[in-house]
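Structure data follow from protein.cif (mmCIF, C-alpha atoms and all ligand atoms):
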```cif
data_model
loop_
_atom_site.label_atom_id
_atom_site.label_comp_id
_atom_site.auth_asym_id
_atom_site.auth_seq_id
_atom_site.Cartn_x
_atom_site.Cartn_y
_atom_site.Cartn_z
CA MET A 1 -20.74 -23.80 -5.64
CA PRO A 2 -19.44 -22.84 -2.16
CA THR A 3 -18.16 -19.29 -1.98
CA SER A 4 -16.65 -19.00 1.47
CA PRO A 5 -13.03 -17.80 1.56
CA PHE A 6 -12.48 -20.60 4.03
CA LYS A 7 -12.84 -23.31 1.35
CA THR A 8 -10.12 -25.92 1.56
CA GLU A 9 -7.24 -25.50 -0.83
CA ALA A 10 -8.14 -28.69 -2.67
CA ILE A 11 -11.24 -27.12 -4.18
CA LEU A 12 -9.94 -23.60 -4.84
CA GLU A 13 -10.41 -22.69 -8.49
CA ARG A 14 -7.58 -20.15 -8.95
CA PRO A 15 -5.35 -20.57 -5.88
CA LEU A 16 -2.47 -18.19 -5.27
CA THR A 17 -0.41 -18.85 -2.18
CA LEU A 18 0.94 -15.54 -0.99
CA ALA A 19 2.47 -13.99 2.10
CA ALA A 20 2.66 -10.69 3.90
CA ALA A 21 6.31 -10.48 4.95
CA GLN A 22 6.02 -8.18 7.94
CA LEU A 23 9.19 -6.52 9.19
CA GLY A 24 10.02 -5.50 12.72
CA PRO A 25 11.87 -2.23 13.35
CA ILE A 26 14.76 -1.09 11.15
CA ALA A 27 17.37 1.05 12.93
CA ARG A 28 18.39 4.45 11.56
CA ASP A 29 21.91 3.18 10.95
CA ALA A 30 21.01 -0.30 9.67
CA THR A 31 23.02 -1.26 6.61
CA ARG A 32 21.27 -2.30 3.40
CA ALA A 33 23.11 -5.62 3.62
CA ALA A 34 21.62 -6.36 7.06
CA VAL A 35 18.09 -5.41 5.98
CA VAL A 36 18.29 -7.33 2.70
CA ALA A 37 19.45 -10.41 4.63
CA ARG A 38 16.22 -10.20 6.69
CA LEU A 39 14.14 -9.95 3.51
CA VAL A 40 15.93 -12.94 2.01
CA ALA A 41 15.33 -14.98 5.18
CA LEU A 42 11.58 -14.27 4.90
CA LEU A 43 11.71 -15.19 1.21
CA GLU A 44 13.34 -18.53 2.05
CA GLN A 45 10.57 -19.23 4.59
CA ALA A 46 7.99 -18.29 1.96
CA ALA A 47 9.49 -20.74 -0.50
CA ALA A 48 9.44 -23.52 2.10
CA ARG A 49 5.73 -22.81 2.64
CA GLY A 50 4.83 -22.85 -1.06
CA CYS A 51 4.35 -19.12 -1.64
CA ARG A 52 4.42 -17.63 -5.13
CA LEU A 53 4.12 -13.99 -4.06
CA VAL A 54 5.58 -12.11 -1.08
CA VAL A 55 4.57 -8.59 -0.02
CA PHE A 56 7.18 -6.56 1.87
CA PRO A 57 6.31 -3.25 3.61
CA GLU A 58 6.50 0.37 2.49
CA MET A 59 10.10 1.66 2.77
CA ALA A 60 11.30 -1.88 3.41
CA LEU A 61 15.00 -1.08 3.00
CA THR A 62 15.30 1.70 5.59
CA THR A 63 13.95 3.09 8.80
CA PHE A 64 10.91 5.37 8.47
CA PHE A 65 13.08 8.52 8.37
CA PRO A 66 10.23 11.04 7.63
CA ARG A 67 9.65 11.09 11.39
CA TRP A 68 12.66 13.40 11.52
CA HIS A 69 13.63 16.64 9.85
CA ILE A 70 17.15 15.68 8.77
CA ASP A 71 19.46 18.51 7.76
CA ASP A 72 22.37 16.31 6.74
CA GLU A 73 21.80 15.90 2.99
CA ASP A 74 24.24 13.00 2.79
CA GLU A 75 22.25 11.06 5.39
CA VAL A 76 19.00 11.74 3.50
CA THR A 77 20.52 10.73 0.17
CA ALA A 78 21.68 7.45 1.69
CA PHE A 79 18.04 6.44 2.30
CA PHE A 80 17.29 6.60 -1.45
CA GLU A 81 17.90 4.14 -4.31
CA THR A 82 19.00 5.68 -7.60
CA ASP A 83 18.81 2.35 -9.44
CA MET A 84 16.57 -0.64 -8.98
CA PRO A 85 17.74 -3.34 -8.85
CA ASN A 86 21.17 -2.38 -7.54
CA ALA A 87 24.08 -4.18 -5.95
CA ALA A 88 22.64 -3.94 -2.42
CA VAL A 89 19.33 -5.59 -3.34
CA ALA A 90 20.83 -8.11 -5.77
CA PRO A 91 20.65 -10.93 -3.15
CA LEU A 92 16.90 -10.36 -2.87
CA PHE A 93 16.30 -10.36 -6.63
CA ASP A 94 18.60 -13.38 -7.11
CA SER A 95 16.96 -15.40 -4.32
CA ALA A 96 13.46 -14.60 -5.56
CA ALA A 97 14.31 -15.61 -9.14
CA ARG A 98 16.02 -18.80 -7.91
CA LEU A 99 12.98 -19.66 -5.76
CA GLY A 100 10.48 -18.60 -8.44
CA ILE A 101 8.73 -16.12 -6.14
CA GLY A 102 7.36 -12.72 -7.14
CA PHE A 103 7.43 -9.84 -4.67
CA TYR A 104 6.24 -6.32 -3.81
CA LEU A 105 8.95 -4.06 -2.40
CA GLY A 106 8.53 -0.54 -1.06
CA TYR A 107 11.58 1.73 -1.17
CA CYS A 108 12.65 5.36 -1.54
CA GLU A 109 13.37 6.24 -5.15
CA GLN A 110 15.53 9.09 -6.43
CA VAL A 111 15.35 10.04 -10.09
CA GLY A 112 18.06 12.29 -11.55
CA SER A 113 20.27 14.66 -9.62
CA GLY A 114 20.84 18.37 -9.00
CA GLU A 115 18.04 20.81 -9.87
CA GLY A 116 15.93 18.24 -11.71
CA ARG A 117 16.11 15.65 -8.94
CA ARG A 118 12.81 14.01 -7.94
CA ARG A 119 12.20 11.76 -4.95
CA TYR A 120 9.28 9.35 -4.60
CA ASN A 121 7.88 6.88 -2.10
CA THR A 122 7.77 3.91 -4.48
CA ALA A 123 6.72 0.26 -4.69
CA ILE A 124 7.63 -2.25 -7.37
CA LEU A 125 6.17 -5.59 -8.37
CA VAL A 126 8.76 -8.16 -9.38
CA ASP A 127 7.74 -11.28 -11.28
CA ALA A 128 8.82 -14.86 -10.55
CA ALA A 129 11.78 -14.53 -12.92
CA GLY A 130 13.20 -11.48 -11.09
CA ASN A 131 12.02 -8.88 -13.63
CA ILE A 132 10.33 -5.65 -12.56
CA ALA A 133 6.76 -6.07 -13.83
CA GLY A 134 5.35 -2.84 -12.44
CA LYS A 135 6.03 0.32 -10.50
CA TYR A 136 3.81 2.66 -8.45
CA ARG A 137 4.70 5.98 -6.79
CA LYS A 138 2.66 6.92 -3.72
CA VAL A 139 -0.04 9.47 -4.56
CA HIS A 140 -1.41 10.24 -1.09
CA VAL A 141 1.72 11.57 0.63
CA PRO A 142 0.59 12.38 4.19
CA GLY A 143 1.90 14.69 6.87
CA ASN A 144 3.51 18.13 6.86
CA PRO A 145 5.67 19.75 4.20
CA VAL A 146 7.74 21.53 6.86
CA TYR A 147 8.79 20.86 10.44
CA ASP A 148 6.11 22.11 12.85
CA PRO A 149 7.38 22.41 16.44
CA ALA A 150 3.77 22.49 17.69
CA LEU A 151 3.25 18.87 16.67
CA LYS A 152 4.15 16.02 19.03
CA LEU A 153 4.57 13.59 16.12
CA GLN A 154 6.43 14.76 13.04
CA HIS A 155 5.40 13.08 9.79
CA LEU A 156 7.32 14.88 7.07
CA GLU A 157 6.70 12.80 3.97
CA PRO A 158 5.82 15.83 1.79
CA TRP A 159 9.15 17.37 2.80
CA TYR A 160 11.00 14.41 1.33
CA PHE A 161 8.72 13.07 -1.44
CA ALA A 162 6.93 14.44 -4.49
CA ASP A 163 3.42 13.19 -5.28
CA GLY A 164 3.47 10.04 -7.38
CA ASP A 165 3.16 10.69 -11.10
CA LEU A 166 2.30 7.24 -12.44
CA GLY A 167 -1.42 7.16 -11.62
CA PHE A 168 -2.82 3.85 -10.37
CA PRO A 169 -1.70 1.23 -12.90
CA VAL A 170 -2.47 -2.51 -12.81
CA PHE A 171 -0.18 -5.31 -13.92
CA ASP A 172 -0.87 -8.84 -15.16
CA CYS A 173 1.60 -10.94 -13.22
CA LEU A 174 1.62 -14.41 -11.61
CA GLY A 175 -1.74 -15.18 -13.20
CA ALA A 176 -3.48 -12.28 -11.45
CA ARG A 177 -4.34 -8.66 -12.26
CA ILE A 178 -2.52 -6.76 -9.54
CA GLY A 179 -2.65 -3.17 -8.28
CA LEU A 180 -0.11 -1.56 -5.94
CA LEU A 181 -0.84 0.99 -3.23
CA ILE A 182 1.24 2.43 -0.40
CA CYS A 183 0.19 3.04 3.20
CA ASN A 184 -1.94 6.20 3.43
CA ASP A 185 -3.53 5.37 0.03
CA ARG A 186 -5.56 2.70 1.83
CA ARG A 187 -7.61 5.31 3.68
CA TRP A 188 -8.99 6.92 0.47
CA PRO A 189 -11.73 5.25 -1.59
CA GLU A 190 -10.69 6.65 -4.97
CA PRO A 191 -7.50 4.62 -5.69
CA TRP A 192 -9.28 1.34 -5.03
CA ARG A 193 -12.03 2.22 -7.48
CA VAL A 194 -9.56 3.33 -10.15
CA LEU A 195 -7.74 -0.01 -9.77
CA ALA A 196 -11.01 -1.97 -9.81
CA LEU A 197 -12.16 -0.16 -12.96
CA GLN A 198 -9.10 -1.72 -14.62
CA GLY A 199 -10.07 -5.17 -13.36
CA ALA A 200 -7.75 -5.45 -10.35
CA GLU A 201 -8.23 -8.77 -8.53
CA LEU A 202 -5.52 -8.34 -5.93
CA VAL A 203 -4.12 -5.18 -4.35
CA LEU A 204 -0.79 -5.21 -2.52
CA LEU A 205 0.01 -2.53 0.04
CA GLY A 206 2.92 -1.91 2.39
CA TYR A 207 2.66 0.49 5.33
CA ASN A 208 4.44 2.30 8.17
CA SER A 209 1.72 3.51 10.52
CA PRO A 210 2.33 4.90 14.00
CA ALA A 211 0.46 2.95 16.67
CA GLN A 212 -0.51 6.19 18.43
CA LEU A 213 -1.40 9.66 17.13
CA PRO A 214 -0.34 12.01 19.95
CA ASP A 215 -1.89 14.98 18.13
CA ASN A 216 -5.24 13.14 17.76
CA PRO A 217 -5.28 11.02 20.92
CA ARG A 218 -9.00 10.20 20.72
CA GLN A 219 -8.18 8.06 17.67
CA ASN A 220 -5.56 5.97 19.48
CA ALA A 221 -7.99 3.26 20.58
CA LEU A 222 -9.31 3.06 17.02
CA ARG A 223 -5.99 2.70 15.18
CA THR A 224 -6.57 -0.94 14.21
CA GLU A 225 -10.16 -0.22 13.25
CA HIS A 226 -9.09 2.70 11.05
CA HIS A 227 -6.44 0.48 9.45
CA GLN A 228 -8.81 -2.35 8.55
CA LEU A 229 -12.09 -0.52 7.96
CA PRO A 230 -11.23 1.18 4.63
CA MET A 231 -9.47 -1.89 3.27
CA ARG A 232 -12.32 -4.22 4.19
CA ALA A 233 -14.82 -1.86 2.58
CA ALA A 234 -12.61 -1.49 -0.50
CA ALA A 235 -12.18 -5.26 -0.85
CA TYR A 236 -15.94 -5.82 -0.71
CA GLN A 237 -17.03 -2.83 -2.81
CA ASN A 238 -14.51 -3.64 -5.53
CA GLY A 239 -14.50 -7.45 -5.36
CA LEU A 240 -10.77 -7.90 -4.79
CA TRP A 241 -8.22 -9.43 -2.47
CA VAL A 242 -5.94 -7.25 -0.33
CA VAL A 243 -2.57 -8.07 1.20
CA ALA A 244 -1.36 -5.36 3.61
CA THR A 245 2.09 -5.59 5.20
CA ALA A 246 3.44 -3.58 8.13
CA LYS A 247 6.79 -2.33 9.23
CA ALA A 248 5.98 -2.88 12.89
CA GLY A 249 7.30 -2.55 16.40
CA HIS A 250 9.31 -0.02 18.37
CA GLU A 251 11.37 1.73 15.70
CA GLU A 252 13.70 4.51 16.83
CA GLY A 253 11.43 5.61 19.70
CA CYS A 254 8.18 5.30 17.77
CA ASP A 255 5.65 2.47 18.14
CA MET A 256 4.57 1.25 14.72
CA MET A 257 1.39 -0.77 14.17
CA GLY A 258 1.48 -4.44 13.27
CA GLY A 259 -1.70 -6.05 12.01
CA SER A 260 -0.45 -7.19 8.61
CA CYS A 261 -3.40 -8.91 7.04
CA VAL A 262 -5.05 -10.63 4.12
CA ILE A 263 -8.58 -9.50 3.28
CA ALA A 264 -10.96 -11.45 1.07
CA PRO A 265 -13.37 -9.95 -1.51
CA SER A 266 -16.10 -10.66 1.05
CA GLY A 267 -14.51 -7.97 3.24
CA GLU A 268 -13.42 -10.56 5.82
CA VAL A 269 -9.95 -10.45 7.38
CA VAL A 270 -8.87 -14.04 6.70
CA ALA A 271 -5.34 -13.86 8.11
CA ILE A 272 -3.59 -11.48 10.49
CA SER A 273 -0.10 -11.25 11.95
CA SER A 274 0.41 -11.96 15.63
CA THR A 275 3.74 -10.27 16.42
CA LEU A 276 5.44 -6.89 15.97
CA GLY A 277 8.57 -8.42 14.45
CA ASP A 278 9.71 -10.12 11.27
CA GLU A 279 6.86 -12.51 10.54
CA LEU A 280 5.61 -14.37 7.51
CA LEU A 281 1.82 -14.49 7.19
CA VAL A 282 0.87 -17.11 4.59
CA TYR A 283 -2.53 -17.54 2.97
CA THR A 284 -3.85 -19.27 -0.12
CA ALA A 285 -6.25 -16.91 -1.84
CA ASP A 286 -8.75 -18.09 -4.41
CA LEU A 287 -8.75 -15.42 -7.12
CA ALA A 288 -12.02 -16.90 -8.42
CA LEU A 289 -13.75 -15.54 -5.33
CA THR A 290 -13.54 -12.06 -6.90
CA VAL A 291 -16.05 -13.05 -9.59
CA GLU A 292 -19.10 -13.29 -7.33
CA TYR A 293 -18.46 -9.85 -5.81
CA LYS A 294 -17.56 -8.18 -9.11
CA LYS A 295 -20.82 -9.54 -10.49
CA PHE A 296 -22.80 -8.36 -7.46
CA PHE A 297 -21.45 -4.80 -7.99
CA ASP A 298 -21.72 -5.00 -11.78
CA PHE A 299 -20.00 -1.69 -12.58
CA ALA A 300 -21.04 -1.66 -16.24
CA GLN A 301 -24.68 -2.02 -15.30
CA TYR A 302 -25.01 -0.02 -12.11
CA ARG A 303 -22.35 2.69 -11.86
CA ARG A 304 -23.46 6.23 -12.75
CA PRO A 305 -20.25 8.20 -13.47
CA VAL A 306 -22.15 11.26 -14.67
CA ALA A 307 -23.75 11.59 -11.23
CA TYR A 308 -20.30 11.31 -9.59
CA ARG A 309 -18.70 14.02 -11.73
CA LEU A 310 -18.04 16.27 -8.75
CA ILE A 311 -15.53 13.73 -7.44
CA SER A 312 -13.11 14.41 -10.26
CA GLU A 313 -13.97 18.11 -10.67
CA ARG A 314 -13.70 19.27 -7.06
CA GLN A 315 -10.82 18.62 -4.63
CA GLY A 316 -12.00 20.15 -1.36
CA VAL A 317 -15.44 20.76 0.08
CA GLY A 318 -17.32 23.62 -1.61
CA GLU A 319 -20.79 25.09 -1.71
CA PRO A 320 -23.74 22.73 -2.30
CA LEU A 321 -24.64 22.54 -5.98
CA ASP A 322 -28.02 24.10 -6.62
CA ARG A 323 -30.62 22.40 -8.76
CA ALA A 324 -29.65 24.25 -11.92
CA ALA A 325 -25.98 23.36 -11.46
CA TRP A 326 -26.87 19.71 -10.94
CA GLN A 327 -29.05 19.74 -14.02
CA LYS A 328 -26.22 21.29 -16.05
CA SER A 329 -23.70 18.76 -14.75
CA LEU A 330 -25.97 15.86 -15.63
CA GLU A 331 -26.61 17.13 -19.15
CA THR A 332 -23.09 17.59 -20.46
N1 LIG B 401 3.39 5.99 5.87
C1 LIG B 401 2.15 6.52 5.93
O1 LIG B 401 1.57 6.87 4.93
N2 LIG B 401 1.63 6.67 7.18
C2 LIG B 401 0.39 7.32 7.42
C3 LIG B 401 0.50 8.04 8.72
C4 LIG B 401 -0.34 9.22 8.76
S1 LIG B 401 -0.49 9.84 10.39
C5 LIG B 401 0.71 10.93 10.57
C6 LIG B 401 -0.80 6.36 7.50
O2 LIG B 401 -1.81 6.64 6.86
O3 LIG B 401 -0.73 5.37 8.21
#
```

Any chance you could put this one into structure tokens?
Ligand code: CDT
Amino acid sequence: MPTSPFKTEAILERPLTLAAAQLGPIARDATRAAVVARLVALLEQAAARGCRLVVFPEMALTTFFPRWHIDDEDEVTAFFETDMPNAAVAPLFDSAARLGIGFYLGYCEQVGSGEGRRRYNTAILVDAAGNIAGKYRKVHVPGNPVYDPALKLQHLEPWYFADGDLGFPVFDCLGARIGLLICNDRRWPEPWRVLALQGAELVLLGYNSPAQLPDNPRQNALRTEHHQLPMRAAAYQNGLWVVATAKAGHEEGCDMMGGSCVIAPSGEVVAISSTLGDELLVYTADLALTVEYKKFFDFAQYRRPVAYRLISERQGVGEPLDRAAWQKSLET
């Protein structure tokens, strides 16, 4: 049986036609109605091209406001959704249900108000009937918790968002077992493994990544490499498909990376966007291709969780374990 991801659609065993719906810049003062109209236009294109699943970016309804320390609480509040769905996104949900397309949507979520208020960087998975099938709140919230005048690039996500509190769940939807991640999560190996240990076949991820890191300029030439490298490794090591979707282009003075892509369980990038604007990247993935790689890395047979115990017990780097400590850790 041929196993290349480049098999023709006619002989795919479990085909799922999907799309990364990349967005170009969103202005600070863009209305929800204007943004949602762009999402609906991409959804219409996706329907015309036979897609059953569309992946929008992280924070797809607003500009990436954590690049600023905003004092005006009303302006900050306006970036958040207190209900999902709500009147502003109803055209998106209605269109998707009418077209029979599921979608991933990143947005800023506010739960409660006053003292008990919590704010999360959130993504939802919506099924082909327009029902929310799953929700994920970003766990790896990068950047600084407070404004630091010494930095050339402010990235204040921890100032605005709490750590996600839903773990890394998977959802059976559209005939696939799907995990959701958000942006910075892609750079860490642990979430991928936790999703794969629950049988994830497809991981959807939206991102807003600056094209340059003025505080780490030696990494600038490697930005695309550092975007793809962890996702390609994760796809291969966990035997799953990845769809990663950018908010790209020159947004409010900041260059944001494009490079939305589809990655096969072989670790190959099989589709990649070619612009920094609104762009639909369509690919038909064969979910059956996961089987060969999941079998190759047969977790049940070959993983040794006892030997990895330090990963869940220790957060930062500590002293080397001595022989006695290793022995003890392996025994209990
Ligand atoms: N949105 C997001 O998570 N962006 C981070 C930027 C970190 S660099 C300040 C990323 O990993 O791309």

Per residue of chain A within 6 Å of ligand LIG 401 (chain B), which atom pair is closest and at what distance in Å (one decimal), using all atoms listed in the file, listed by chain and increasing number, as a Markdown table?
```
| residue | atom | partner | partner_atom | distance |
| --- | --- | --- | --- | --- |
| A:Pro142 | CA | B:LIG401 | C4 | 5.6 |
| A:Gly143 | CA | B:LIG401 | C5 | 5.4 |
| A:His155 | CA | B:LIG401 | C5 | 5.2 |
| A:Cys183 | CA | B:LIG401 | O1 | 4.4 |
| A:Asn184 | CA | B:LIG401 | O2 | 3.5 |
| A:Tyr207 | CA | B:LIG401 | N1 | 5.6 |
| A:Asn208 | CA | B:LIG401 | N1 | 4.5 |
| A:Ser209 | CA | B:LIG401 | O3 | 3.8 |
```

Residue subset to file, keeping C-alpha atoms, as a PDB file, in the frame of the given file:
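File part-v1.pdb, as written:
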```
ATOM      1  CA  PRO A 142       0.590  12.380   4.190  1.00  0.00           C
ATOM      2  CA  GLY A 143       1.900  14.690   6.870  1.00  0.00           C
ATOM      3  CA  HIS A 155       5.400  13.080   9.790  1.00  0.00           C
ATOM      4  CA  CYS A 183       0.190   3.040   3.200  1.00  0.00           C
ATOM      5  CA  ASN A 184      -1.940   6.200   3.430  1.00  0.00           C
ATOM      6  CA  TYR A 207       2.660   0.490   5.330  1.00  0.00           C
ATOM      7  CA  ASN A 208       4.440   2.300   8.170  1.00  0.00           C
ATOM      8  CA  SER A 209       1.720   3.510  10.520  1.00  0.00           C
TER       9      SER A 209
END
```

Tell me, counting only C-alpha atoms, for each residue of region 18-126 of chain A within 7 Å of region 241-265 of chain A, which pair of atoms is nearest and how far apart they are in Å to one decimal, in rows ordered by chain and increasing number, as a Markdown table.
```
| residue | atom | partner | partner_atom | distance |
| --- | --- | --- | --- | --- |
| A:Ala20 | CA | A:Thr245 | CA | 5.3 |
| A:Ala21 | CA | A:Thr245 | CA | 6.5 |
| A:Gln22 | CA | A:Ala246 | CA | 5.3 |
| A:Leu23 | CA | A:Lys247 | CA | 4.8 |
| A:Gly24 | CA | A:Ala248 | CA | 4.8 |
| A:Pro25 | CA | A:Glu251 | CA | 4.6 |
| A:Ile26 | CA | A:Glu251 | CA | 6.3 |
| A:Ala27 | CA | A:Glu252 | CA | 6.4 |
| A:Val55 | CA | A:Thr245 | CA | 6.5 |
| A:Phe56 | CA | A:Thr245 | CA | 6.2 |
| A:Pro57 | CA | A:Thr245 | CA | 5.1 |
```

Writer output for current selection, C-alpha atoms, as a tab-separated table (two decimals), keeping the file's coordinate frame:
```tsv
chain	number	residue	atom	x	y	z
A	20	ALA	CA	2.66	-10.69	3.90
A	21	ALA	CA	6.31	-10.48	4.95
A	22	GLN	CA	6.02	-8.18	7.94
A	23	LEU	CA	9.19	-6.52	9.19
A	24	GLY	CA	10.02	-5.50	12.72
A	25	PRO	CA	11.87	-2.23	13.35
A	26	ILE	CA	14.76	-1.09	11.15
A	27	ALA	CA	17.37	1.05	12.93
A	55	VAL	CA	4.57	-8.59	-0.02
A	56	PHE	CA	7.18	-6.56	1.87
A	57	PRO	CA	6.31	-3.25	3.61
```

I'd like a table as CSV: residues in region 171-247 of chain A with an atom no more than 12 Å from region 287-299 of chain A, each row giving the shortest atom pair and its distance in Å to one decimal, only C-alpha atoms counted, sorted by chain and rising residue number.
```
residue,atom,partner,partner_atom,distance
A:Leu174,CA,A:Leu287,CA,11.3
A:Gly175,CA,A:Leu287,CA,9.3
A:Ala176,CA,A:Leu287,CA,7.5
A:Arg177,CA,A:Leu287,CA,9.6
A:Ile178,CA,A:Leu287,CA,10.9
A:Arg193,CA,A:Phe299,CA,10.2
A:Val194,CA,A:Phe299,CA,11.8
A:Ala196,CA,A:Lys294,CA,9.1
A:Leu197,CA,A:Phe299,CA,8.0
A:Gln198,CA,A:Phe299,CA,11.1
A:Gly199,CA,A:Lys294,CA,9.1
A:Ala200,CA,A:Thr290,CA,9.4
A:Glu201,CA,A:Thr290,CA,6.5
A:Leu202,CA,A:Leu287,CA,7.9
A:Val203,CA,A:Leu287,CA,11.6
A:Ala234,CA,A:Tyr293,CA,11.5
A:Ala235,CA,A:Thr290,CA,9.2
A:Tyr236,CA,A:Tyr293,CA,7.0
A:Gln237,CA,A:Phe297,CA,7.1
A:Asn238,CA,A:Lys294,CA,6.5
A:Gly239,CA,A:Tyr293,CA,4.7
A:Leu240,CA,A:Thr290,CA,5.4
A:Trp241,CA,A:Thr290,CA,7.4
A:Val242,CA,A:Leu287,CA,11.0
```

Discussion item. With 6 Å as the threshold, what does the neighbourhood of (-8.4, -16.3, 0.3) contain in terms of residues, counting all atoms listed in the file? Coordinates are those of the file; answer as a PyMOL selection string.
Written reply: chain A and resi 5+264+284-286

5 Å per side around region 45-62 of chain A: axis-aligned box centre and edge lengths, as lines of an AutoDock Vina configuration file:
```
center_x = 9.7
center_y = -10.9
center_z = 0.2
size_x = 21.2
size_y = 35.2
size_z = 20.7
```

Item to complete: For each of A:Gly116, A:Asp278, A:Arg32, A:Ala46, take the minimum atom-to-atom distance to Ala87 (chain A), counting all atoms listed in the file, then give the residue where this is smallest.
Response: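 Comparing A:Gly116, A:Asp278, A:Arg32, A:Ala46 against Ala87 (chain A), the winner is A:Arg32.
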
Fill in: Which of A:Gly164, A:Pro15, A:Gly130, A:Pro66 sits closest to Asp94 (chain A) [using all atoms listed in the file]
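Between A:Gly164, A:Pro15, A:Gly130, A:Pro66, the residue approaching Asp94 (chain A) most closely is A:Gly130.
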
Determine, counting only C-alpha atoms, which protein, DNA and RNA residues have an atom within 9 Å of an atom of Pro191 (chain A); residues of the same chain fewer than 3 positions away are not included. Present the result as a compact mmCIF listing (two decimals) with C-alpha atoms, in the coordinates of the input.
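Dumped everything to out11.txt:
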```txt
# COMPACT_ATOMS: atom_id res chain seq x y z
CA VAL A 139 -0.04 9.47 -4.56
CA GLY A 167 -1.42 7.16 -11.62
CA PHE A 168 -2.82 3.85 -10.37
CA LEU A 181 -0.84 0.99 -3.23
CA ASP A 185 -3.53 5.37 0.03
CA ARG A 186 -5.56 2.70 1.83
CA TRP A 188 -8.99 6.92 0.47
CA VAL A 194 -9.56 3.33 -10.15
CA LEU A 195 -7.74 -0.01 -9.77
CA ALA A 196 -11.01 -1.97 -9.81
```

Worksheet entry | Length of the CA of Pro169 (chain A) to CA of Gly134 (chain A) vector [Å] |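 So the answer is 8.2 Å.
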
Fill in: Cut-off 12 Å around (-20.0, 17.8, -16.4) with all atoms listed in the file: residues as a ChimeraX atom specification
/A:305-314,325-332

Output the selection as a PDB file, in the frame of the given file - C-alpha atoms for each residue.
```
ATOM      1  CA  PRO A 305     -20.250   8.200 -13.470  1.00  0.00           C
ATOM      2  CA  VAL A 306     -22.150  11.260 -14.670  1.00  0.00           C
ATOM      3  CA  ALA A 307     -23.750  11.590 -11.230  1.00  0.00           C
ATOM      4  CA  TYR A 308     -20.300  11.310  -9.590  1.00  0.00           C
ATOM      5  CA  ARG A 309     -18.700  14.020 -11.730  1.00  0.00           C
ATOM      6  CA  LEU A 310     -18.040  16.270  -8.750  1.00  0.00           C
ATOM      7  CA  ILE A 311     -15.530  13.730  -7.440  1.00  0.00           C
ATOM      8  CA  SER A 312     -13.110  14.410 -10.260  1.00  0.00           C
ATOM      9  CA  GLU A 313     -13.970  18.110 -10.670  1.00  0.00           C
ATOM     10  CA  ARG A 314     -13.700  19.270  -7.060  1.00  0.00           C
ATOM     11  CA  ALA A 325     -25.980  23.360 -11.460  1.00  0.00           C
ATOM     12  CA  TRP A 326     -26.870  19.710 -10.940  1.00  0.00           C
ATOM     13  CA  GLN A 327     -29.050  19.740 -14.020  1.00  0.00           C
ATOM     14  CA  LYS A 328     -26.220  21.290 -16.050  1.00  0.00           C
ATOM     15  CA  SER A 329     -23.700  18.760 -14.750  1.00  0.00           C
ATOM     16  CA  LEU A 330     -25.970  15.860 -15.630  1.00  0.00           C
ATOM     17  CA  GLU A 331     -26.610  17.130 -19.150  1.00  0.00           C
ATOM     18  CA  THR A 332     -23.090  17.590 -20.460  1.00  0.00           C
TER      19      THR A 332
END
```

Item to complete: Quick one: everything within 9 Å of Ala47 (chain A), counting only C-alpha atoms, minus sequence neighbours fewer than 2 positions away in the same chain. Send it as JSON, numbers by chain.
Response: {"A": [42, 43, 44, 45, 49, 50, 51, 52, 96, 99, 100, 101]}

Worksheet item: Between CA of Leu12 (chain A) and CA of Lys135 (chain A), what is the spacing in Å?
Response: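 Between CA of Lys135 (chain A) and CA of Leu12 (chain A) the gap is 29.3 Å.
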
Worksheet item: Can you tell me how far CA of Asn144 (chain A) sits from CA of Trp159 (chain A), in Å to one decimal?
Response: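 Going from CA of Asn144 (chain A) over to CA of Trp159 (chain A) covers 7.0 Å.
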
Worksheet item: Between A:Gly267, A:Pro85, A:Gly316, A:Pro149, which is the closest to Asp215 (chain A) once you count all atoms listed in the file?
Response: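 For Asp215 (chain A), the nearest of the candidates is A:Pro149.
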